[in-house]
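Q: The structure follows.
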Amino acid sequence: MGDCWRGGVYWHADGAERRAYYIVSGGLVSSRRETVRARTNRQRQRRHRPDYMIVMCMGVLMLIGLVVMYAIGPQRANVMNAAYNGSYSATYFAVKQFASLLIALAAFVVLAFVPFSVLKNQAGKFMAAALIASVLLFLVGNVAHIDTLAQATLGAYRWFNFGSFGGFQPSELMKFAVVIFMAVFLGNRYQQGKINNPRETVYPMAGLLALLLFIVVVVQKDMGTGVAIAATVVSMFIVSTMNWQILVKIAGVGVVVGLVLVVSSPHRMERIGTFFSSSNDVAAADERDNNYHIKNAMIALGTGGLLGRGIGKSIQATGYLPEAVNDSIFAIMGEIFGFAGTVCIIGLFGILLFRILRIADQLPDMSMRIAAAGVFGWLLAHVVMNVASMIGLIPLTGITLPLLSFGGTSMIFMSGALGVVFQLSRYTNHKSVNMKEDARADFGSRRRVGRTRYAGRRSIA
């Protein structure tokens, strides 16, 4: 076959190999030894019916969260008014949750229809925006000390506070930016056969991850979010076909760094000490007790029994259980819906996670696969850490339960990420796609394709 145009792609015969030259900014650019496989992948990526199970699971979880917020909102408002001399209305938390839900649904719809190629082109801007927002938060809180704009928790600033308009947490934008940016970067390195190259792939990604964790864990003192970001990155590394030996080394370094961050932080060591405390008498829960939070979470789950106390009958939400609408929402749901209800909620998360994982497994494009895997790791980390901390399997982490906890930023960005996965589900293959990196491992040693005489021609496709 000689030189020819097919489907908006210039195919050039070079010995026994056919190379594709794609249109980029009006010119022809080699896709780095993309052979006939590129054309096969384009055929596999034709649009089809998306996975509506994602929409169903997400919608049901959001609805459950809204119902619970409406039920315990008046009790929570009374607690806040008594503790901080506030003026929260009985419907404050339900209305705020409903507004967040609407914005989250809008984010889902937008990202479900914006082409993934557009997100790939904006990946750098997403990451830059997350870093700028984090630095700005640090400057406003720690340098300018504008406490009306920056909200402090445990001596660190984690949110922008915009009054009645709500708040904004830069670390949630950072999670979304990590998914898109790393999907593009690792996808490109895979195409170039450099996914295991330390200098061009491993070191840059390790440096970026170190910077992000420094901002979140050290500056903002948010270990739970740091673990969630790390879990997201690891899931993306695994799907990118990176060598397992490199993954083990990265994991080993991560564990060592994590231990150092825990040991060097008094409040984290206190949580670890509390977790291993021998005082397990939940009946003796007292506010002066370091185990007060987890004991009341256990009381909430225990009093729920099999079928729960019922909507509007929660006792722990009246002020006994800290962060009842945020980090402790799973315990409150256990009290309201009982063991059967919590199993159903975990089941919904399980179905959602399974569908995301299956979508990632059936996508023929590596960048898309990595993005879906990142969303999987993000969601899984939040669900596991929140539920495990509420039932006493791990120390309290202070992390939200996605789509259920009160808080707009987390729900909006998680819904947007699910919108991206929903869009990618339109391009899956009918079965698993094997994309081992071995076949591309020697690309870096081959000669580059030079610029052709057709480089100035524009596509009419």
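Labels used: A, B, ... for chains in the order of the structure tokens, numbers from 1 for residues in each chain, and numbers from 1 for ligands as shown.
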For the strand (DSSP E) assignment from backbone DSSP, which residues of range 89-158 of chain A qualify? Please present them as a PDB file with N, CA, C and O atoms, in the first residue's frame.
A:
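Output file states39.pdb is given in full below:
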```pdb
ATOM      1  N   ALA A 150     -10.727  32.114  54.701  1.00  0.00           N
ATOM      2  CA  ALA A 150     -10.120  30.791  54.817  1.00  0.00           C
ATOM      3  C   ALA A 150     -10.554  30.150  56.128  1.00  0.00           C
ATOM      4  O   ALA A 150     -10.508  30.783  57.182  1.00  0.00           O
ATOM      5  N   GLN A 151     -10.990  28.906  56.055  1.00  0.00           N
ATOM      6  CA  GLN A 151     -11.512  28.214  57.234  1.00  0.00           C
ATOM      7  C   GLN A 151     -10.474  27.237  57.767  1.00  0.00           C
ATOM      8  O   GLN A 151      -9.925  26.421  57.023  1.00  0.00           O
ATOM      9  N   ALA A 152     -10.178  27.325  59.061  1.00  0.00           N
ATOM     10  CA  ALA A 152      -9.139  26.505  59.685  1.00  0.00           C
ATOM     11  C   ALA A 152      -9.738  25.305  60.397  1.00  0.00           C
ATOM     12  O   ALA A 152     -10.807  25.392  61.005  1.00  0.00           O
ATOM     13  N   THR A 153      -9.033  24.169  60.313  1.00  0.00           N
ATOM     14  CA  THR A 153      -9.383  22.955  61.036  1.00  0.00           C
ATOM     15  C   THR A 153      -8.096  22.310  61.530  1.00  0.00           C
ATOM     16  O   THR A 153      -7.178  22.076  60.731  1.00  0.00           O
ATOM     17  N   ALA A 156      -4.928  24.107  60.534  1.00  0.00           N
ATOM     18  CA  ALA A 156      -4.579  24.191  59.115  1.00  0.00           C
ATOM     19  C   ALA A 156      -5.787  24.681  58.327  1.00  0.00           C
ATOM     20  O   ALA A 156      -6.939  24.468  58.718  1.00  0.00           O
ATOM     21  N   TYR A 157      -5.518  25.342  57.219  1.00  0.00           N
ATOM     22  CA  TYR A 157      -6.583  25.882  56.370  1.00  0.00           C
ATOM     23  C   TYR A 157      -6.828  24.930  55.203  1.00  0.00           C
ATOM     24  O   TYR A 157      -5.927  24.637  54.421  1.00  0.00           O
ATOM     25  N   ARG A 158      -8.080  24.459  55.115  1.00  0.00           N
ATOM     26  CA  ARG A 158      -8.433  23.478  54.085  1.00  0.00           C
ATOM     27  C   ARG A 158      -9.544  23.954  53.156  1.00  0.00           C
ATOM     28  O   ARG A 158      -9.765  23.348  52.118  1.00  0.00           O
TER      29      ARG A 158
END
```
Q: Tell me, as a list in words, which residues lie within 8 Å of range 73-87 of chain A, counting only C-alpha atoms; anything in the same chain fewer than 2 positions away does not count.
A: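 That gives Met69, Tyr70, Ala71, Ser89, Ala90, Thr91, Tyr92, Phe93, Ala94, Ala317, Thr318, Gly319, Ala324 and Val325 of chain A.
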Q: Kindly provide the residues of range 175-226 of chain A that approach range 116-130 of chain A to within 6 Å, each paired with its closest atom pair and their distance in Å to one decimal, based on only C-alpha atoms, listed by chain and increasing number, as a Markdown table.
A:
```
| residue | atom | partner | partner_atom | distance |
| --- | --- | --- | --- | --- |
| A:Ala177 | CA | A:Met127 | CA | 5.0 |
| A:Ile180 | CA | A:Ala123 | CA | 5.6 |
| A:Phe181 | CA | A:Ala123 | CA | 4.7 |
```
Q: Just want the 12 Å neighbourhood of Phe108 in chain A, counted on only C-alpha atoms, with same-chain residues fewer than 5 positions away dropped. Output as a ChimeraX atom specification.
A: /A:54-55,58-59,101-103,113-114,411-423
Q: Keeping only C-alpha atoms, write those residues as a compact mmCIF listing (two decimals), in the first residue's frame.
A:
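Output file selection24.txt follows:
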```txt
# COMPACT_ATOMS: atom_id res chain seq x y z
CA ILE A 54 -23.75 4.40 36.86
CA VAL A 55 -26.54 6.97 36.74
CA MET A 58 -25.33 7.57 41.76
CA GLY A 59 -28.91 8.86 41.79
CA LEU A 101 -27.01 17.93 44.53
CA LEU A 102 -28.31 20.10 41.69
CA ILE A 103 -24.85 21.52 40.98
CA PHE A 113 -21.10 15.08 27.08
CA VAL A 114 -17.84 17.03 26.85
CA MET A 411 -20.13 15.76 45.78
CA ILE A 412 -19.62 18.07 42.79
CA PHE A 413 -16.18 16.79 41.81
CA MET A 414 -17.06 13.15 42.46
CA SER A 415 -20.17 13.52 40.30
CA GLY A 416 -18.09 15.19 37.60
CA ALA A 417 -15.62 12.30 37.69
CA LEU A 418 -18.49 9.81 37.37
CA GLY A 419 -19.73 11.87 34.43
CA VAL A 420 -16.36 11.32 32.75
CA VAL A 421 -16.64 7.55 33.32
CA PHE A 422 -20.22 7.57 32.01
CA GLN A 423 -18.98 9.25 28.84
```
Q: Using DSSP on the backbone, list every residue of range 246-368 of chain A that comes out as alpha helix (DSSP H), and give them as an NGL selection string.
A: :A and (246-263 or 266-275 or 292-304 or 329-362 or 366-368)
